[in-house]
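This report concerns only the one structure given below.
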Amino acid sequence: MVENSPTVLFGDADLEGSRLLRERLKDAGIFVLAAGSSRELLELAERRHPDVIILDDRLESIGSQVFVSLLRRHCPTTRIILLMPGGTHPDHEALRHLEPICSLVRPISDTDLARVITAALRGAVPSGEGKLPIVLCVDDDALFLKSLVRILRHAGYAAIPCATPEEALEAIPIHRPHLAFIDVLMPGMNGLDLASEIRDHYGDDLPLVLLSGRTSDREITEGYRSGADTYLTKPSEPQTILRVAADLIRRSPNGKTVLLRPTP
């Protein structure tokens with residue numbers, strides 16, 4: 001390996017399929033690493049900080065967005081080339097806050113993939129400044145959730161939809177959101193319970209907005225007692241949602257970036 005040569009990391013459950021391409025890249029002076037499991041890929045990414053990662057979605061089973069989020073902890077500016085199955089339409093909006101990412105749909109020839117890798121190695125790597133604010137949206141009403149996510153994404157936020165409180169609790173340490181909108185009336189663990197759980201684990205680092213059709217003083221007071229920073233009644237105007245989001249993110253700890261750490 002030539003000193004300071006670029007590094008490319010392949011993650012694929014079937015490494016034999018990329019063997020010829022990896023040999024071709026090595027002949028071109030590129031230092032190539034390969035991992036056949038999710039755990040091995042994360043370990044190599046943390047240790048070597050590659051310039052480019054080729055991630056075949058067949059390697060992992062937890063979802064591309066979640067796995068790329070895990071990779072981003074170790075490699076915040078590494079260019080990731082995500083290989084998706086044929087017929088797939090990647091959700092580019094859901095991946096925007098995890099860029100730089102290039103999504104390719106299989107089948108793709110070794111020649112074409114090599115061109116993409118070469119272009120990624122030559123491209124300017126973003127500094128990480130100006131990352132999209134990440135907003136968690138929690139609601140069991142699929143139509144309202146879709147509408148809320150669309151409003152936020154159109155305004156330039158990276159909106160992460162969660163249909164249940166349990167899904168939201170799993171998403172927080174992975175996506176490290178800057179803000180959360182939480183519906184109050186959900187079956188099982190409701191929004192008040194979720195807000196209390198977040199406050200118990202993460203303190204006041206994550207601003208919380210509770211959404212509810214209930215408007216009595218008692219119910220609003222319960223919302224604030226559960227840890228809400230703001231209580232909005234449903235339906236809320238898009239302008240109100242965006243104004244509250246901008247205000248809370250601007251006032252959040254560390255300015256534009258909230259690094260959530262469980263409280264002792």
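The chains in the structure tokens are called A, B, ... from first to last as shown; in each chain the residues are counted from 1, and the ligands are counted from 1 in the order shown.
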DSSP strand (DSSP E) selection over region 30-202 of chain A, as an MDAnalysis selection string: chainID A and resid 31:35 52:56 79:84 101:105 134:138 158:162 179:183
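Among the candidates A:Arg24, A:Arg122, A:Arg73, A:Arg47, the residue lying nearest to His175 (chain A) is A:Arg73 (atoms considered: only C-alpha atoms).
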Residues of region 41-186 of chain A in helix (DSSP H, G or I) according to DSSP, as a count of residues only? 66
Between A:Arg176, A:Lys26, A:His97, A:Arg115, which has the minimum distance to Leu206 (chain A) (counting only C-alpha atoms)? A:Arg176
Extract, using only C-alpha atoms, all DNA, RNA and protein residues at most 12 Å from Leu95 (chain A), discarding same-chain residues fewer than 3 positions from it, and format them as a ChimeraX atom specification. /A:63-69,72,80,82,90-92,98-103,131-132,134,153,157-160,175
Selected residues written out with C-alpha atoms, as a PDB file, in the first residue's frame:
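Written output follows (again-v8.pdb):
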ATOM      1  CA  GLY A  63     -32.557  -1.228   7.581  1.00  0.00           C
ATOM      2  CA  SER A  64     -30.157   0.858   5.528  1.00  0.00           C
ATOM      3  CA  GLN A  65     -31.039   4.133   7.222  1.00  0.00           C
ATOM      4  CA  VAL A  66     -30.352   2.771  10.711  1.00  0.00           C
ATOM      5  CA  PHE A  67     -27.113   1.086   9.686  1.00  0.00           C
ATOM      6  CA  VAL A  68     -25.810   4.163   7.873  1.00  0.00           C
ATOM      7  CA  SER A  69     -26.596   6.155  11.024  1.00  0.00           C
ATOM      8  CA  ARG A  72     -21.888   7.951  10.613  1.00  0.00           C
ATOM      9  CA  ILE A  80     -21.100   5.935   1.342  1.00  0.00           C
ATOM     10  CA  LEU A  82     -25.420   2.215  -0.926  1.00  0.00           C
ATOM     11  CA  PRO A  90     -34.438   4.840  -2.396  1.00  0.00           C
ATOM     12  CA  ASP A  91     -36.022   7.325   0.022  1.00  0.00           C
ATOM     13  CA  HIS A  92     -33.507  10.112  -0.591  1.00  0.00           C
ATOM     14  CA  LEU A  98     -26.758  11.146   6.586  1.00  0.00           C
ATOM     15  CA  GLU A  99     -25.058  12.457   3.434  1.00  0.00           C
ATOM     16  CA  PRO A 100     -22.726  12.204   1.569  1.00  0.00           C
ATOM     17  CA  ILE A 101     -24.501   9.118   0.194  1.00  0.00           C
ATOM     18  CA  CYS A 102     -24.915   7.772  -3.311  1.00  0.00           C
ATOM     19  CA  SER A 103     -27.723   5.217  -3.752  1.00  0.00           C
ATOM     20  CA  LYS A 131     -26.072  19.361   8.474  1.00  0.00           C
ATOM     21  CA  LEU A 132     -29.853  19.211   8.347  1.00  0.00           C
ATOM     22  CA  ILE A 134     -33.125  16.114  12.566  1.00  0.00           C
ATOM     23  CA  ARG A 153     -39.015  17.969   4.935  1.00  0.00           C
ATOM     24  CA  TYR A 157     -35.570  19.373   8.024  1.00  0.00           C
ATOM     25  CA  ALA A 158     -34.604  15.711   8.124  1.00  0.00           C
ATOM     26  CA  ALA A 159     -37.852  14.263   9.477  1.00  0.00           C
ATOM     27  CA  ILE A 160     -37.754  10.729  10.904  1.00  0.00           C
ATOM     28  CA  HIS A 175     -30.433   9.373  14.825  1.00  0.00           C
TER      29      HIS A 175
END
Need the shell around region 7-20 of chain A: protein/DNA/RNA residues with any atom at most 10 Å away, counting only C-alpha atoms. Skip same-chain ones fewer than 5 positions apart. Format as a ChimeraX atom specification? /A:1,25-26,29-38,40-42,44-45,48-60,78-83,110,117,121
Just checking: using only C-alpha atoms, which residue out of A:Asp205, A:Glu93, A:Tyr224, A:Ser147 ends up closest to Ser236 (chain A)? A:Ser147
Which is closest to Gly227 (chain A) among A:Gln239, A:Arg250, A:Pro187, A:Ile182, if we use only C-alpha atoms? A:Ile182
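Distances to Asp140 (chain A) were evaluated for A:Val184, A:Ser5, A:Glu170, A:Leu104 using only C-alpha atoms, and the minimum falls at A:Val184.
Ranking A:Thr215, A:Gly223, A:Glu166, A:Pro177 by their shortest atom-to-atom distance to Val135 (chain A), with only C-alpha atoms included, puts A:Pro177 first.
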